[in-house]
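Q: Below you'll find protein-v4.tsv; it's TSV, C-alpha atoms.
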chain	number	residue	atom	x	y	z
A	187	MET	CA	66.03	92.42	85.01
A	188	ALA	CA	63.60	94.81	83.40
A	189	ALA	CA	62.78	96.24	86.79
A	190	ARG	CA	66.22	97.74	87.19
A	191	THR	CA	68.02	100.06	84.86
A	192	ASP	CA	71.73	99.72	84.32
A	193	ALA	CA	72.24	103.06	86.03
A	194	GLN	CA	70.39	101.88	89.12
A	195	ILE	CA	72.47	98.74	89.29
A	196	ARG	CA	75.71	100.71	89.00
A	197	GLU	CA	74.60	103.15	91.66
A	198	ASN	CA	73.61	100.38	94.02
A	199	VAL	CA	76.85	98.51	93.52
A	200	SER	CA	78.95	101.63	93.96
A	201	LYS	CA	77.08	102.58	97.14
A	202	ALA	CA	77.41	99.09	98.55
A	203	TYR	CA	81.17	99.07	98.09
A	204	ALA	CA	81.54	102.65	99.29
A	205	GLY	CA	79.75	101.54	102.45
A	206	ARG	CA	82.07	98.62	102.92
A	207	VAL	CA	85.16	100.73	102.59
A	208	ARG	CA	84.09	103.72	104.66
A	209	PRO	CA	85.14	102.31	108.04
A	210	VAL	CA	88.63	101.75	106.67
A	211	LEU	CA	88.81	105.26	105.23
A	212	GLU	CA	87.66	106.65	108.56
A	213	SER	CA	90.24	104.67	110.47
A	214	LEU	CA	92.90	106.09	108.17
A	215	ASP	CA	91.54	109.63	108.55
A	216	VAL	CA	91.06	109.79	104.81
A	217	ILE	CA	87.48	110.82	105.45
A	218	GLN	CA	85.83	112.08	108.59
A	219	ALA	CA	83.54	109.76	110.41
A	220	ASP	CA	80.44	111.79	109.65
A	221	ALA	CA	81.37	112.90	106.16
A	222	GLY	CA	78.62	112.00	103.77
A	223	ALA	CA	77.78	108.85	105.64
A	224	CYS	CA	75.90	106.75	103.18
A	225	CYS	CA	73.69	105.33	105.91
A	226	ALA	CA	72.20	108.77	106.39
A	227	ALA	CA	71.51	109.32	102.74
A	228	PRO	CA	67.90	109.05	101.71
A	229	ALA	CA	67.37	105.61	100.31
A	230	ALA	CA	65.82	106.98	97.16
A	231	SER	CA	66.79	104.20	94.93
A	232	SER	CA	66.45	100.85	96.49
A	233	GLY	CA	66.60	98.39	99.23
A	234	ALA	CA	70.25	97.81	98.68
A	235	SER	CA	72.03	98.45	101.89
A	236	CYS	CA	75.41	100.03	101.68
A	237	CYS	CA	76.01	99.78	105.38
A	238	GLY	CA	74.46	96.56	106.51
A	239	ASP	CA	76.30	93.34	106.76
A	240	GLU	CA	73.72	91.49	104.76
A	241	VAL	CA	75.45	92.43	101.55
A	242	SER	CA	78.50	90.53	102.51
A	243	GLU	CA	76.72	87.53	103.94
A	244	ASP	CA	76.41	86.00	100.55
A	245	ASN	CA	80.06	86.07	99.80
A	246	VAL	CA	81.55	85.77	103.24
A	247	ALA	CA	82.93	82.47	102.11
A	248	LEU	CA	84.48	84.12	99.10
A	249	THR	CA	86.69	86.50	101.01
A	250	ASN	CA	89.05	84.37	102.99
A	251	ILE	CA	92.12	86.26	101.95
A	252	ALA	CA	94.71	83.91	103.33
A	253	LYS	CA	93.18	81.06	101.37
A	254	LEU	CA	92.63	83.03	98.18
A	255	TYR	CA	96.16	84.31	98.13
A	256	ALA	CA	97.92	81.23	99.43
A	257	GLY	CA	101.49	81.14	98.19
A	258	THR	CA	101.45	84.87	97.50
A	259	ASP	CA	103.30	87.55	99.38
A	260	VAL	CA	100.06	88.98	100.71
A	261	ASP	CA	101.17	89.16	104.35
A	262	SER	CA	103.59	91.95	103.53
A	263	LEU	CA	100.69	94.21	102.51
A	264	PRO	CA	99.09	96.56	105.04
A	265	SER	CA	95.81	95.55	106.65
A	266	SER	CA	94.04	98.43	104.89
A	267	VAL	CA	94.84	96.60	101.68
A	268	ARG	CA	93.93	93.12	102.91
A	269	ASP	CA	90.80	94.13	104.80
A	270	VAL	CA	89.07	95.50	101.73
A	271	ALA	CA	89.93	92.71	99.37
A	272	PHE	CA	86.58	91.47	98.12
A	273	GLY	CA	87.86	89.08	95.51
A	274	CYS	CA	87.02	85.49	94.77
A	275	GLY	CA	90.39	84.40	93.44
A	276	ASN	CA	93.93	85.51	92.77
A	277	PRO	CA	94.07	86.77	89.18
A	278	THR	CA	97.79	87.53	89.17
A	279	ALA	CA	98.40	83.85	89.89
A	280	ILE	CA	96.30	82.51	87.00
A	281	GLU	CA	99.23	83.07	84.66
A	282	ALA	CA	102.54	84.66	85.56
A	283	LEU	CA	103.02	88.33	84.80
A	284	LYS	CA	106.37	89.32	83.37
A	285	PRO	CA	108.71	92.22	84.06
A	286	GLY	CA	107.97	95.19	81.82
A	287	GLN	CA	104.34	94.35	81.15
A	288	VAL	CA	101.51	96.87	81.27
A	289	VAL	CA	98.68	95.51	83.40
A	290	LEU	CA	95.14	96.84	83.87
A	291	ASP	CA	92.93	95.84	86.79
A	292	LEU	CA	89.18	96.20	86.20
A	293	GLY	CA	87.56	97.20	89.48
A	294	SER	CA	90.74	97.67	91.44
A	295	GLY	CA	89.11	98.32	94.83
A	296	GLY	CA	91.62	98.78	97.64
A	297	GLY	CA	94.38	97.80	95.24
A	298	ILE	CA	95.50	94.37	96.44
A	299	ASP	CA	95.81	92.78	93.01
A	300	CYS	CA	97.45	95.91	91.57
A	301	PHE	CA	100.13	95.81	94.25
A	302	LEU	CA	100.78	92.12	93.67
A	303	ALA	CA	100.94	92.77	89.92
A	304	ALA	CA	103.24	95.76	90.44
A	305	LYS	CA	105.81	93.55	92.11
A	306	MET	CA	105.67	91.07	89.26
A	307	VAL	CA	106.01	93.57	86.40
A	308	GLY	CA	108.71	95.50	88.24
A	309	GLU	CA	110.05	98.98	87.61
A	310	THR	CA	109.90	98.67	83.85
A	311	GLY	CA	106.25	97.69	83.93
A	312	ASN	CA	103.13	99.61	84.80
A	313	VAL	CA	99.88	98.75	86.52
A	314	TYR	CA	96.63	100.69	86.10
A	315	GLY	CA	93.63	100.24	88.35
A	316	VAL	CA	90.18	101.48	87.33
A	317	ASP	CA	87.29	101.69	89.76
A	318	MET	CA	83.97	103.55	89.61
A	319	THR	CA	83.73	104.16	93.37
A	320	PRO	CA	85.49	107.34	94.56
A	321	GLU	CA	86.00	105.92	98.03
A	322	MET	CA	87.85	102.95	96.58
A	323	ILE	CA	90.16	105.17	94.55
A	324	ALA	CA	90.88	107.29	97.62
A	325	LEU	CA	91.71	104.21	99.66
A	326	ALA	CA	93.78	102.66	96.88
A	327	ARG	CA	95.91	105.80	96.67
A	328	ARG	CA	96.43	105.89	100.40
A	329	ASN	CA	97.36	102.22	100.26
A	330	GLN	CA	99.75	102.93	97.42
A	331	GLU	CA	101.64	105.38	99.61
A	332	LYS	CA	101.87	102.77	102.35
A	333	VAL	CA	103.03	100.08	99.98
A	334	GLY	CA	105.39	102.41	98.15
A	335	ALA	CA	104.43	101.11	94.72
A	336	ARG	CA	105.64	103.67	92.20
A	337	ASN	CA	104.52	101.85	89.08
A	338	VAL	CA	100.77	101.88	89.82
A	339	GLU	CA	98.15	104.44	88.73
A	340	PHE	CA	94.55	104.42	89.94
A	341	ARG	CA	91.78	106.03	87.94
A	342	LEU	CA	88.19	106.82	88.72
A	343	GLY	CA	86.40	105.36	85.74
A	344	GLU	CA	83.94	102.82	84.52
A	345	ILE	CA	84.97	99.45	83.16
A	346	GLU	CA	82.36	99.79	80.40
A	347	HIS	CA	84.09	103.02	79.27
A	348	LEU	CA	87.77	102.60	79.99
A	349	PRO	CA	89.86	105.80	79.87
A	350	MET	CA	92.66	103.84	78.23
A	351	ALA	CA	94.08	104.08	74.74
A	352	ASP	CA	93.54	101.30	72.20
A	353	ALA	CA	96.02	98.42	72.33
A	354	SER	CA	97.84	99.88	75.31
A	355	VAL	CA	97.75	96.94	77.74
A	356	ASP	CA	99.48	93.55	77.85
A	357	VAL	CA	97.38	91.82	80.49
A	358	ILE	CA	93.99	92.61	81.99
A	359	ILE	CA	93.23	91.24	85.42
A	360	SER	CA	90.04	91.52	87.46
A	361	ASN	CA	88.84	89.95	90.67
A	362	CYS	CA	85.15	89.32	91.22
A	363	VAL	CA	84.06	92.53	89.50
A	364	ILE	CA	82.77	91.84	85.99
A	365	ASN	CA	79.79	89.99	87.48
A	366	LEU	CA	78.74	93.32	89.01
A	367	SER	CA	78.39	95.01	85.63
A	368	PRO	CA	74.94	95.31	84.09
A	369	ASP	CA	76.54	95.33	80.62
A	370	LYS	CA	79.14	92.58	80.50
A	371	ASP	CA	79.24	92.53	76.69
A	372	GLN	CA	80.48	96.10	76.78
A	373	VAL	CA	83.06	95.24	79.46
A	374	PHE	CA	84.53	92.49	77.30
A	375	ARG	CA	84.49	94.70	74.18
A	376	GLU	CA	86.38	97.39	76.07
A	377	ALA	CA	88.84	94.84	77.42
A	378	PHE	CA	89.44	93.63	73.88
A	379	ARG	CA	89.95	97.19	72.62
A	380	VAL	CA	92.57	98.22	75.17
A	381	LEU	CA	94.53	94.96	74.98
A	382	ARG	CA	97.30	94.89	72.44
A	383	PRO	CA	97.06	92.11	69.83
A	384	GLY	CA	98.30	88.99	71.58
A	385	GLY	CA	97.35	90.45	74.95
A	386	ARG	CA	95.63	88.40	77.61
A	387	LEU	CA	92.56	88.64	79.80
A	388	GLN	CA	92.95	86.69	83.05
A	389	VAL	CA	90.20	87.15	85.58
A	390	SER	CA	88.68	85.59	88.65
A	391	ASP	CA	84.92	85.88	88.80
A	392	ILE	CA	81.78	84.31	90.16
A	393	VAL	CA	79.77	82.19	87.76
A	394	TRP	CA	76.84	79.82	88.08
A	395	THR	CA	77.32	76.22	87.09
A	396	LYS	CA	73.54	75.73	86.92
A	397	SER	CA	70.81	78.12	85.88
A	398	VAL	CA	70.33	81.17	88.08
A	399	PRO	CA	67.17	81.06	90.22
A	400	GLU	CA	64.71	83.78	89.15
A	401	SER	CA	64.26	84.84	92.77
A	402	VAL	CA	67.91	85.80	92.96
A	403	LYS	CA	68.18	87.81	89.75
A	404	ASP	CA	66.47	91.01	90.84
A	405	ASP	CA	67.82	91.09	94.38
A	406	MET	CA	70.09	94.09	94.61
A	407	GLU	CA	71.80	92.92	97.75
A	408	LYS	CA	72.65	89.70	96.03
A	409	TRP	CA	73.83	91.73	93.05
A	410	ALA	CA	76.31	93.65	95.16
A	411	GLY	CA	77.18	90.36	96.82
A	412	CYS	CA	78.33	89.04	93.45
A	413	ILE	CA	75.54	86.50	93.15
A	414	ALA	CA	72.63	88.02	91.23
A	415	GLY	CA	74.69	89.57	88.46
A	416	ALA	CA	76.74	86.45	87.90
A	417	LEU	CA	76.17	84.54	84.69
A	418	LEU	CA	76.01	80.91	83.83
A	419	GLU	CA	79.60	79.90	83.13
A	420	SER	CA	78.88	79.00	79.50
A	421	ASP	CA	77.15	82.37	78.91
A	422	TYR	CA	80.09	84.20	80.47
A	423	LEU	CA	82.55	82.48	78.16
A	424	ALA	CA	80.27	83.02	75.15
A	425	LYS	CA	80.28	86.78	75.80
A	426	ILE	CA	84.06	86.78	75.94
A	427	ARG	CA	84.25	84.96	72.61
A	428	ALA	CA	81.66	87.30	71.10
A	429	ALA	CA	83.95	90.24	71.92
A	430	GLY	CA	86.61	88.65	69.70
A	431	PHE	CA	88.72	86.74	72.19
A	432	VAL	CA	90.20	83.36	71.35
A	433	ASN	CA	91.62	80.48	73.40
A	434	VAL	CA	88.99	81.09	76.06
A	435	THR	CA	89.29	78.72	79.01
A	436	SER	CA	87.77	78.52	82.45
A	437	ASP	CA	88.55	76.61	85.60
A	438	ALA	CA	85.49	76.87	87.85
A	439	LYS	CA	85.54	75.66	91.44
A	440	GLU	CA	82.14	75.35	93.01
A	441	TYR	CA	81.56	76.61	96.54
A	442	PRO	CA	80.28	74.10	99.07
A	443	GLY	CA	76.53	73.91	99.42
A	444	GLY	CA	75.61	72.72	95.98
A	445	ALA	CA	73.82	75.93	94.99
A	446	GLY	CA	75.80	76.06	91.77
A	447	ILE	CA	77.87	79.13	92.60
A	448	ALA	CA	81.51	78.86	91.58
A	449	SER	CA	84.67	80.89	91.42
A	450	ALA	CA	86.15	80.71	87.95
A	451	ALA	CA	89.65	81.45	86.76
A	452	VAL	CA	89.11	82.58	83.18
A	453	VAL	CA	91.79	83.17	80.55
A	454	ALA	CA	91.30	84.55	77.05
A	455	GLU	CA	93.53	86.08	74.38
A	456	ARG	CA	93.16	88.86	71.89
A	457	PRO	CA	94.36	87.32	68.62
A	458	ALA	CA	97.90	88.35	67.75
A	459	ARG	CA	96.76	89.77	64.41
B	203	MET	CA	78.95	111.49	92.10
B	204	ALA	CA	80.63	114.22	94.00
B	205	LEU	CA	83.97	113.75	95.62
B	206	THR	CA	83.37	114.69	99.18
B	207	PHE	CA	86.50	113.63	100.97
B	208	GLY	CA	87.65	116.27	103.36
B	209	GLN	CA	91.23	115.32	102.96
B	210	HIS	CA	93.33	112.74	101.33
B	211	PRO	CA	97.01	113.20	100.89
B	212	ALA	CA	97.32	110.92	97.91
B	213	ARG	CA	97.52	113.15	94.88
B	214	PHE	CA	97.03	112.62	91.22
B	215	LYS	CA	100.50	112.35	89.79
B	216	LEU	CA	100.65	113.92	86.39
B	217	ASP	CA	104.28	113.96	85.61
B	218	VAL	CA	104.53	113.82	81.86
B	219	ARG	CA	108.29	113.93	82.16
B	220	SER	CA	108.30	110.62	83.94
B	221	ARG	CA	111.17	108.37	83.15
B	222	PRO	CA	111.01	106.67	79.78
B	223	ARG	CA	109.93	103.08	79.92
B	224	MET	CA	110.92	100.64	77.28
B	225	TYR	CA	108.09	98.56	75.99
B	226	ASP	CA	108.89	95.87	73.44
B	227	GLY	CA	111.70	98.19	72.44
B	228	ALA	CA	109.28	100.48	70.67
B	229	MET	CA	106.53	102.22	72.55
B	230	ARG	CA	106.86	104.56	75.46
B	231	HIS	CA	104.16	104.62	78.10
B	232	ASP	CA	103.50	107.48	80.37
B	233	LEU	CA	100.35	108.81	81.84
B	234	MET	CA	99.10	111.22	79.19
B	235	GLU	CA	100.04	108.87	76.41
B	236	ILE	CA	97.86	106.03	77.62
B	237	LEU	CA	95.02	108.18	78.99
B	238	VAL	CA	92.12	108.87	76.63
B	239	CYS	CA	88.58	110.16	76.73
B	240	PRO	CA	86.38	107.29	77.94
B	241	MET	CA	83.59	108.36	75.59
B	242	CYS	CA	85.27	109.06	72.25
B	243	ARG	CA	88.83	107.88	73.01
B	244	ALA	CA	90.50	111.00	71.73
B	245	GLU	CA	93.46	112.54	73.54
B	246	LEU	CA	92.98	114.60	76.67
B	247	THR	CA	94.58	117.94	77.37
B	248	LEU	CA	95.50	118.80	80.91
B	249	THR	CA	94.83	122.15	82.54
B	250	ALA	CA	96.18	122.56	86.05
B	251	ASP	CA	94.42	125.04	88.34
B	252	ARG	CA	96.36	124.14	91.45
B	253	GLU	CA	99.49	122.10	91.89
B	254	GLU	CA	101.29	120.85	94.94
B	255	ASP	CA	104.76	119.41	94.70
B	256	GLY	CA	104.45	119.09	90.97
B	257	GLU	CA	101.19	117.19	91.19
B	258	VAL	CA	97.89	118.50	89.90
B	259	VAL	CA	95.46	118.81	92.79
B	260	GLU	CA	92.72	120.75	91.01
B	261	GLY	CA	92.27	121.04	87.28
B	262	LYS	CA	90.64	119.45	84.33
B	263	LEU	CA	91.21	117.18	81.40
B	264	VAL	CA	89.56	118.33	78.18
B	265	CYS	CA	88.92	115.96	75.31
B	266	SER	CA	90.44	117.07	72.03
B	267	GLY	CA	87.69	115.20	70.17
B	268	CYS	CA	84.26	115.59	71.78
B	269	ARG	CA	85.33	118.53	74.03
B	270	GLU	CA	83.98	116.81	77.15
B	271	THR	CA	85.63	118.09	80.32
B	272	TYR	CA	86.75	115.75	83.09
B	273	PRO	CA	87.41	117.38	86.43
B	274	ILE	CA	90.40	116.72	88.66
B	275	GLU	CA	89.28	117.21	92.24
B	276	ASP	CA	91.37	116.63	95.33
B	277	GLY	CA	94.00	115.10	93.10
B	278	ILE	CA	91.66	112.54	91.56
B	279	PRO	CA	90.81	112.79	87.86
B	280	ASN	CA	87.17	111.89	87.40
B	281	LEU	CA	87.06	109.86	84.20
B	282	LEU	CA	83.61	108.44	84.79
B	283	PRO	CA	81.18	108.92	81.91
B	284	PRO	CA	79.50	112.32	82.38
B	285	ASP	CA	76.13	110.75	83.24
B	286	MET	CA	77.70	108.86	86.14
B	287	ARG	CA	79.21	111.87	87.82
B	288	ASP	CA	76.38	112.90	90.10
Could you spell out this file's structure in structure tokens?

A:
Amino acid sequence: MAARTDAQIRENVSKAYAGRVRPVLESLDVIQADAGACCAAPAASSGASCCGDEVSEDNVALTNIAKLYAGTDVDSLPSSVRDVAFGCGNPTAIEALKPGQVVLDLGSGGGIDCFLAAKMVGETGNVYGVDMTPEMIALARRNQEKVGARNVEFRLGEIEHLPMADASVDVIISNCVINLSPDKDQVFREAFRVLRPGGRLQVSDIVWTKSVPESVKDDMEKWAGCIAGALLESDYLAKIRAAGFVNVTSDAKEYPGGAGIASAAVVAERPAR
Amino acid sequence: MALTFGQHPARFKLDVRSRPRMYDGAMRHDLMEILVCPMCRAELTLTADREEDGEVVEGKLVCSGCRETYPIEDGIPNLLPPDMRD
């Protein structure tokens, strides 16, 4: 990975997701069709396409929303929520959220998991979504109006530098996002910091069940497609433990094809004291 | 990165008088209480330059610790680390 700096990776990932969400923002008149089209921007940084479909080819199998959210009330959400759900699992279903809890979603995107969490924690609870892509925050807020969720706040921020107070959160959720970070150790340290003692991390993410091919690691399209940045499952869990978490468990389900790519439901706890 | 949206009606809600929420019977959570500087984690102070319907549309959040300023543009507070803003 020496060829890419962390900043380049973040920029590429942000651009890729901004590109994915632009058509939805345009259809909602949140942005104008020609406003800052990322396709027209000089490709100073990379070969990562923010507009092409190739980014999503890798994880097309990961985004079957009906399947991912089976048994969840996802049909009641607007299409502008469902159409930009790029997850690989259903983090709010890993363990039940309770009324009154404070929940934080790392990489909240169009907001689907926040809205599902908001229903579960109810009026006495609160859900915060953090995303580094301005287009995603704009869409999430528009979606929030449509959904009518009053107990959700979206913030433009970076999951490696959360704008959240220490020990302020009961449960952290995340859906296929941490793999995108070039500094996962820092993500888990921040998650640990903002969780209250006894709080829980419950995330869906892509992991490898066998070693990652070298040819994949430096491919920025595959990074944005959640493949290149993904870690070996055991390394992923080791980083979580290194941040201080205990009772770390993972349930990884491999995708067909035998490449060793899996969607993992990972749970970890910040020790109660 | 610059916020270039021509329009988006969703506004940053900064209502510090929001209803009290009970949390384990002890702590109260509202927006300014839980929001901190992403760099040094000190408290942020809000300055509103323009408000609409009680919501801050343009303004800034200034860190009481490191003095970093975080802009609020088009209703969205930009809490990205300063080096990620452009």

Q: Could you check the closest approach to chain B for each of A:Gly311, A:Pro399, A:Pro383, A:Gly444 and tell me which residue wins, using only C-alpha atoms?

A: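 Smallest separation from chain B among the options: A:Gly311.
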
Q: Considering only C-alpha atoms, can you say which of A:Gln372, A:Thr278, A:Ser266, A:Gln287 comes closest to chain B?

A: A:Gln287

Q: Would you give me, as a tab-separated table, each residue of chain A having an atom within 7 Å of an atom of chain B, along with its shortest atom pair and that distance in Å to one decimal, using all atoms listed in the file and sorting by chain and residue number?

A:
residue	atom	partner	partner_atom	distance
A:Val216	CA	B:His210	CA	5.1
A:Ile217	CA	B:Phe207	CA	5.4
A:Gln218	CA	B:Gly208	CA	6.9
A:Gly286	CA	B:Tyr225	CA	6.7
A:Thr310	CA	B:Arg223	CA	5.9
A:Met318	CA	B:Leu282	CA	6.9
A:Pro320	CA	B:Leu205	CA	6.7
A:Arg327	CA	B:Ala212	CA	5.5
A:Arg328	CA	B:Ala212	CA	5.7
A:Arg341	CA	B:Pro279	CA	6.8
A:Leu342	CA	B:Asn280	CA	5.3
A:Gly343	CA	B:Leu282	CA	4.3
A:Glu344	CA	B:Leu282	CA	5.6
A:His347	CA	B:Pro240	CA	5.0
A:Leu348	CA	B:Pro240	CA	5.3
A:Pro349	CA	B:Pro240	CA	4.2
A:Met350	CA	B:Leu237	CA	5.0
A:Ala351	CA	B:Ile236	CA	5.1
A:Ser354	CA	B:Ile236	CA	6.6

Q: What's the separation between CA of Arg268 (chain A) and CA of Leu325 (chain A), in Å to one decimal place?

A: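 According to the coordinates, CA of Arg268 (chain A) and CA of Leu325 (chain A) are separated by 11.8 Å.
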
Q: How far is it from CA of Val316 (chain A) to CA of Lys370 (chain A), in Å with one decimal?

A: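 Answer for the CA of Val316 (chain A) to CA of Lys370 (chain A) separation: 15.7 Å.
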
Q: Report, in Å with one decimal, the straight-line distance from CA of Ala450 (chain A) to CA of Glu281 (chain A).

A: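 These two atoms are separated by 13.7 Å.
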
Q: Would you mind listing what lies within 7 Å of region 292-308 of chain A as a list of chain:residue names, with only C-alpha atoms counted and same-chain residues fewer than 5 positions away left out?

A: A:Val267, A:Arg268, A:Val270, A:Ala271, A:Thr278, A:Leu283, A:Lys284, A:Pro285, A:Gly286, A:Gln287, A:Val313, A:Gly315, A:Val316, A:Asp317, A:Met322, A:Ile323, A:Leu325, A:Ala326, A:Ala335, A:Asn337, A:Val338, A:Ile345, A:Ile359, A:Ser360, A:Val363

Q: Write region 411-419 of chain A as a PDB file, in the coordinates of the input, completed to all heavy atoms.

A:
ATOM      1  N   GLY A 411      76.474  91.478  96.212  1.00  0.00           N
ATOM      2  CA  GLY A 411      77.180  90.360  96.820  1.00  0.00           C
ATOM      3  C   GLY A 411      77.721  89.381  95.787  1.00  0.00           C
ATOM      4  O   GLY A 411      78.103  88.270  96.125  1.00  0.00           O
ATOM      5  N   CYS A 412      77.716  89.799  94.545  1.00  0.00           N
ATOM      6  CA  CYS A 412      78.330  89.040  93.450  1.00  0.00           C
ATOM      7  C   CYS A 412      77.562  87.801  93.038  1.00  0.00           C
ATOM      8  O   CYS A 412      78.092  86.913  92.388  1.00  0.00           O
ATOM      9  CB  CYS A 412      79.774  88.645  93.760  1.00  0.00           C
ATOM     10  SG  CYS A 412      80.856  90.047  94.022  1.00  0.00           S
ATOM     11  N   ILE A 413      76.296  87.705  93.436  1.00  0.00           N
ATOM     12  CA  ILE A 413      75.540  86.500  93.150  1.00  0.00           C
ATOM     13  C   ILE A 413      74.519  86.730  92.026  1.00  0.00           C
ATOM     14  O   ILE A 413      74.446  85.975  91.067  1.00  0.00           O
ATOM     15  CB  ILE A 413      74.789  86.006  94.422  1.00  0.00           C
ATOM     16  CG1 ILE A 413      75.771  85.810  95.567  1.00  0.00           C
ATOM     17  CG2 ILE A 413      74.010  84.741  94.136  1.00  0.00           C
ATOM     18  CD1 ILE A 413      76.815  84.754  95.341  1.00  0.00           C
ATOM     19  N   ALA A 414      73.742  87.823  92.163  1.00  0.00           N
ATOM     20  CA  ALA A 414      72.630  88.020  91.230  1.00  0.00           C
ATOM     21  C   ALA A 414      73.098  88.405  89.835  1.00  0.00           C
ATOM     22  O   ALA A 414      72.457  88.074  88.844  1.00  0.00           O
ATOM     23  CB  ALA A 414      71.672  89.095  91.771  1.00  0.00           C
ATOM     24  N   GLY A 415      74.205  89.143  89.765  1.00  0.00           N
ATOM     25  CA  GLY A 415      74.690  89.570  88.460  1.00  0.00           C
ATOM     26  C   GLY A 415      75.543  88.528  87.757  1.00  0.00           C
ATOM     27  O   GLY A 415      75.904  88.701  86.595  1.00  0.00           O
ATOM     28  N   ALA A 416      75.871  87.478  88.483  1.00  0.00           N
ATOM     29  CA  ALA A 416      76.740  86.450  87.900  1.00  0.00           C
ATOM     30  C   ALA A 416      75.996  85.669  86.819  1.00  0.00           C
ATOM     31  O   ALA A 416      74.789  85.469  86.902  1.00  0.00           O
ATOM     32  CB  ALA A 416      77.232  85.498  88.988  1.00  0.00           C
ATOM     33  N   LEU A 417      76.744  85.262  85.818  1.00  0.00           N
ATOM     34  CA  LEU A 417      76.170  84.540  84.690  1.00  0.00           C
ATOM     35  C   LEU A 417      76.442  83.049  84.805  1.00  0.00           C
ATOM     36  O   LEU A 417      77.348  82.620  85.521  1.00  0.00           O
ATOM     37  CB  LEU A 417      76.796  85.021  83.379  1.00  0.00           C
ATOM     38  CG  LEU A 417      76.655  86.489  83.002  1.00  0.00           C
ATOM     39  CD1 LEU A 417      77.427  86.736  81.714  1.00  0.00           C
ATOM     40  CD2 LEU A 417      75.199  86.874  82.843  1.00  0.00           C
ATOM     41  N   LEU A 418      75.677  82.308  84.048  1.00  0.00           N
ATOM     42  CA  LEU A 418      76.010  80.910  83.830  1.00  0.00           C
ATOM     43  C   LEU A 418      77.391  80.866  83.169  1.00  0.00           C
ATOM     44  O   LEU A 418      77.679  81.669  82.279  1.00  0.00           O
ATOM     45  CB  LEU A 418      74.948  80.291  82.912  1.00  0.00           C
ATOM     46  CG  LEU A 418      74.863  78.773  82.805  1.00  0.00           C
ATOM     47  CD1 LEU A 418      74.566  78.142  84.170  1.00  0.00           C
ATOM     48  CD2 LEU A 418      73.783  78.389  81.799  1.00  0.00           C
ATOM     49  N   GLU A 419      78.223  79.950  83.621  1.00  0.00           N
ATOM     50  CA  GLU A 419      79.600  79.900  83.130  1.00  0.00           C
ATOM     51  C   GLU A 419      79.662  79.902  81.589  1.00  0.00           C
ATOM     52  O   GLU A 419      80.445  80.641  80.988  1.00  0.00           O
ATOM     53  CB  GLU A 419      80.299  78.654  83.679  1.00  0.00           C
ATOM     54  CG  GLU A 419      81.766  78.567  83.276  1.00  0.00           C
ATOM     55  CD  GLU A 419      82.424  77.281  83.784  1.00  0.00           C
ATOM     56  OE1 GLU A 419      81.700  76.335  84.158  1.00  0.00           O
ATOM     57  OE2 GLU A 419      83.665  77.231  83.801  1.00  0.00           O
TER      58      GLU A 419
END
